[in-house]
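Participant: This is the structure I have questions about; it appears just below.
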Amino acid sequence: MQFPSLDRLKEESLKAALRFPFSLLSSILATLLSVYLIEIDTFEDNLPLLHLLLTLALGIPLFFTLEIFTEKIKLGFGKKILFWGLGILALVLIYLSFPADNFPGNTRAPYIRYLVYNLALHLTVSFVPFLEKGKLEGFWNYNKTLFIRIVMAVFFSQVIGTGITLAFGALDLLFDVKTSPKTYSEIFVLTYGIFNTWYFLAGIPKDFDKESSTGTYPKGLKIFTQFILIPLLLLYLAILFAYGAKIIFTWDWPRGIVTYLIVAISVLGIFTNLLLFPYQKEKEGGWIKGFYKAFYYLLIPLTALLFIAIWIRIEDYGLTVNRYIIVLMGIWLGLISLYFILGFKSIKTVPISLAVAMILASFGPWGMFSWSERNQVQRLENILTESGIIENGRIKNEVSWEKSSDSTLIASSKRELNTLPKDQLNEVNSIIHYLESYHGMEALFPWIAPETADFFESNQIIEPSPAQLMAETLGIKYLLPYNTYDDGESASNEYTEFSSIPSESLEIRGYDYLIRFVIYPSYERGEVEELRTGPNYSFTKPIAIDENLTLTWQGHEINLQSAALIQSLSQKHGGGLHPSLPQESLTQLVKEDSLEIKVVYRKIGFNKVKDQKARYDRLSGLVLIKKIDPSVP
C-alpha cells in the first residue's frame with residue numbers, strides 16, 4: 001500500500017475546500033460553536049446557539065447534495081450561486097422553525113422534523129448523481145465509495161483524537177501539566193467536526209460517468225458482508241420468526257417493542273442486500289445470491305406481524321407520531337418487498353422512495369403531526385363527552401384562573417370538580433401529556449374560556465405546566481407523567497410533592513433582592529423552562545434529595561439546606577401529593593456571609609424508584625436576599 005505524500009494531501013485538501021466550500025464552512029462553524037458551548041459549559045441556557053449548531057450541522061449534507069447535483073447537470077458558477085442562496089434560505093427557515101426560547105409550551109415537533117430532513121438529505125446524497133434511469137452499477141459503486149470513505153474517515157479521526165488525548169495524558173502524568181477535562185472533549189469535537197468532514201469530502205469522485213462498473217468487489221467489504229452482516233441478520237430473523245410462532249401457538253398478542261425490532265432488522269437486511277448487489281452477476285456465492293432473492297419473501301410475514309402489533313397499540317391507545325412512523329415504515333417495507341419480488345431490480349428505488357415518503361409525512365393534513373394530533377384530540381373528546389365533562393363543545397365545570405404577582409396561576413374556583421374512573425383518568429392525563437410534548441394545547445382551546453387560552457400562549461407563566469393547567473381546567477385530577485406511562489399503565493415509581501397555593505402577595509419589606517427559580521434536575525420528558533441563572537446569581541442543579549440546593553450570589557456560595565427541609569416535610573406528611581401546605585412550612589431562613597436569605601418554595605417534587613435514591617423532579621420558588629452588613633455588595 002502506497003501512502004500519499006504531504007504535497008498530495010495538501011493538494012487534495014485544497015481541491016475539496018474549493019469544491020465543497022459551504023459544506024466545509026458549515027462543518028468548521030458548527031465545530032467552533034461546539035467548542036464554545038463546551039467551554040462555557042451552559043448548553044441548557046443557550047438554546048438559540050444549540051439551534052444554530054443543529055442548523056449548521058444540517059448544512060453539511062445540504063450543501064454537499066447541492067454541489068453534487070449542480071456538478072451532475074453541469075451548471076456554471078453563476079447558477080451555482082443561486083443554488084447556494086436557496087440552501088442558505090432553507091437553513092434560515094429551519095433555524096426559525098425552532099422555538100425562540102426555552103418556554104414551557106415548546107414541543108418536540110421542530111426537532112422531529114429536523115431529524116426527518118436530516119435523514120432525507122443523507123438518503124438524497126446516495127442517489128442525487130444518478131437520478132436518470134439505469135446506471136445501477138455506477139450507483140452502487142458510487143455508494144460503495146461513500147461507505148468506505150466514511151468508515152476510513154471515522155477510523156482515522158478516532159486514531160487522531162485518541163492519540164492527542166493520550167499525549168495530553170502523558171504530559172499530565174510525566175510533567176504535571178494539568179489539562180482541563182473540557183479539552184479532551186474539544187479535541188474529539190475538532191477531530192470529528194473538521195478533519196473527519198474534510199477527509200471525507202476529499203475522497204468524493206468527481207467524474208460520475210466513470211462510475212459505470214462495479215470493478216473489483218472490495219475484499220474487506222465482502223468479508224464484512226458475508227461473515228458478519230449476513231450471520232447476524234439470520235440470527236435476528238430466526239428470533240423474530242420464533243416470536244411469531246410463539247404468538248400463533250399461545251395466542252399471546254405481540255408486544256409493541258416488536259415493531260421497532262422488525263423495522264431495525266428489516267432496514268439492516270435491505271442495507272445488506274444493497275451491499276450484495278454485485279453478486280447478481282457473479283458465478284460464485286450461489287447461497288448468497290439465494291439469500292438476496294429470499295430476503296424479501298421473508299419480509300412479508302414480518303411486515304404482517306408489524307401491522308398486527310402496531311394496530312393493537314393504535315386501537316388501544318390511539319395514533320402518535322412514533323406509531324405513525326412505524327406504520328409508514330411498515331407500508332414502505334411491504335411495497336419494497338413486493339417491488340423486488342415482482343422482479344424489478346433498480347436498487348435506487350430504496351433510498352429514493354424512503355426519502356420521498358419521509359418528506360411527505362413531515363407536513364400537511366396527512367402528515368405525522370396533523371394526523372396524530374387529530375386522533376388524540378378525538379379520543380380525548382370522546383372520553384370527556386361520554387363522561388359528561390364536555391357538553392355542546394365546552395367544558396361543563398371549567399376551572400378558571402387568575403394570575404398572581406409572581407407569574408403563577410391561582411385557581412379562582414374549586415379544583416377537581418369533575419371525576420373520572422381510574423382508567424379513564426389515566427388515559428386522559430396520558431393524552432394531555434402527549435399533546436403537551438408533541439403538539440401543544442391549541443387544538444383544545446375551543447373547549448375553554450378565551451382568557452384561559454391566553455394563559456397557555458403566555459411565556460410569562462411559571463406555574464403550573466401546560467399539562468397540569470389543562471387537566472385542572474377540565475376539572476379533573478392531574479397526574480404527573482411519572483404516575484402513568486404513555487399507554488396509561490401504572491408506573492412503579494413513588495412520587496412525592498410538597499407545594500403551596502401561592503397567595504396574591506408576598507411580604508418582601510426589608511429585603512433588597514427577589515429571585516425566582518424553577519429547576520427540573522432530572523426531568524425525563526425533554527428540556528423545559530429553567531429559571532436558575534441570572535447576571536449576578538446561579539443555582540446548582542442537585543439530583544438526589546440528600547443534595548442541597550446551593551445559590552451563588554455575587555460570588556458568595558450559600559447552602560440553602562433544602563435536604564433538611566425535605567426530610568422534615570417527609571417525616572411530618574409522608575409521601576404522595578400535598579398540594580395545599582401552608583406557605584410557612586415551605587419557607588426557610590438562612591444566614592451566611594452577612595446576608596439573610598429567605599427561601600419560599602412553591603413546589604418540591606421528587607421521585608423514588610425501587611432500590612434507588614430518591615431524585616429531585618422539580619424545585620421552584622422565590623429567594624429573598626437582605627444585606628445585614630451594608631458593606632456587603
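By convention in this document, the chains of the C-alpha cells carry letters A, B, ... by their order, each chain's residues are numbered from 1, and ligands are numbered from 1 in the order they are shown.
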I want to know what sits within 9 Å of Phe20 in chain A, based on only C-alpha atoms, with residues of the same chain fewer than 5 positions away left out; could you give that as a PyMOL selection string?
Facilitator: chain A and resi 15+25+63-64+67+201
Participant: Quick one: residues within 9 Å of Ser353 in chain A, only C-alpha atoms counted, chain neighbours fewer than 5 positions away excluded, as a tab-separated table (two decimals) with N, CA and C atoms, in the first residue's frame?
Facilitator:
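The resulting file, out-v9.tsv, is shown below:
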```
chain	number	residue	atom	x	y	z
A	332	TRP	N	-43.87	1.08	3.70
A	332	TRP	CA	-42.70	1.15	2.82
A	332	TRP	C	-42.02	-0.21	2.69
A	336	ILE	N	-41.62	-2.20	-0.86
A	336	ILE	CA	-40.27	-2.54	-1.34
A	336	ILE	C	-40.14	-4.04	-1.53
A	348	LYS	N	-31.88	1.74	-6.77
A	348	LYS	CA	-32.04	3.18	-6.47
A	348	LYS	C	-33.41	3.46	-5.87
A	358	MET	N	-40.61	10.06	3.68
A	358	MET	CA	-40.36	10.79	4.93
A	358	MET	C	-40.64	12.28	4.77
```
Participant: Find the residues near Thr65 in chain A: any atom within 8 Å, counting only C-alpha atoms, skip ones fewer than 6 places away on the same chain, and give them as a list of chain:residue names.
Facilitator: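 Everything that qualifies: A:Leu121, A:Thr124, A:Val125, A:Val128.
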Participant: Quick one: everything within 9 Å of Val327 in chain A, counting only C-alpha atoms, minus sequence neighbours fewer than 5 positions away in the same chain. Send it as a PyMOL selection string.
Facilitator: chain A and resi 306-307+310-311+322+332
Participant: Okay, now the selection with N, CA and C atoms, as a PDB file, in the first residue's frame?
Facilitator:
```pdb
ATOM      1  N   LEU A 306     -45.729  -6.851  12.067  1.00  0.00           N
ATOM      2  CA  LEU A 306     -45.585  -5.443  12.447  1.00  0.00           C
ATOM      3  C   LEU A 306     -46.942  -4.743  12.454  1.00  0.00           C
ATOM      4  N   PHE A 307     -47.729  -4.978  11.398  1.00  0.00           N
ATOM      5  CA  PHE A 307     -49.029  -4.300  11.314  1.00  0.00           C
ATOM      6  C   PHE A 307     -49.988  -4.784  12.407  1.00  0.00           C
ATOM      7  N   ILE A 310     -48.749  -3.052  15.720  1.00  0.00           N
ATOM      8  CA  ILE A 310     -48.983  -1.614  15.787  1.00  0.00           C
ATOM      9  C   ILE A 310     -50.474  -1.302  15.767  1.00  0.00           C
ATOM     10  N   TRP A 311     -51.266  -2.151  15.099  1.00  0.00           N
ATOM     11  CA  TRP A 311     -52.709  -1.922  15.078  1.00  0.00           C
ATOM     12  C   TRP A 311     -53.306  -2.086  16.473  1.00  0.00           C
ATOM     13  N   ASN A 322     -44.806   8.536  16.914  1.00  0.00           N
ATOM     14  CA  ASN A 322     -43.978   7.334  16.826  1.00  0.00           C
ATOM     15  C   ASN A 322     -44.706   6.207  16.100  1.00  0.00           C
ATOM     16  N   TRP A 332     -43.873   1.081   3.704  1.00  0.00           N
ATOM     17  CA  TRP A 332     -42.697   1.147   2.820  1.00  0.00           C
ATOM     18  C   TRP A 332     -42.025  -0.215   2.694  1.00  0.00           C
TER      19      TRP A 332
END
```
Participant: What is the distance, in Å and to one decimal place, between CA of Phe168 in chain A and CA of Leu24 in chain A?
Facilitator: 27.6 Å
Participant: Can you work out the spacing between CA of Phe83 in chain A and CA of Tyr117 in chain A in Å, to one decimal?
Facilitator: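 Answer for the CA of Phe83 in chain A to CA of Tyr117 in chain A separation: 17.7 Å.
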Participant: Could you write out, as a PyMOL selection string, all the residues of range 69-220 of chain A that DSSP marks as alpha helix (DSSP H)?
Facilitator: chain A and resi 69-72+77-97+109-127+136-175+181-190+196-202+219-220
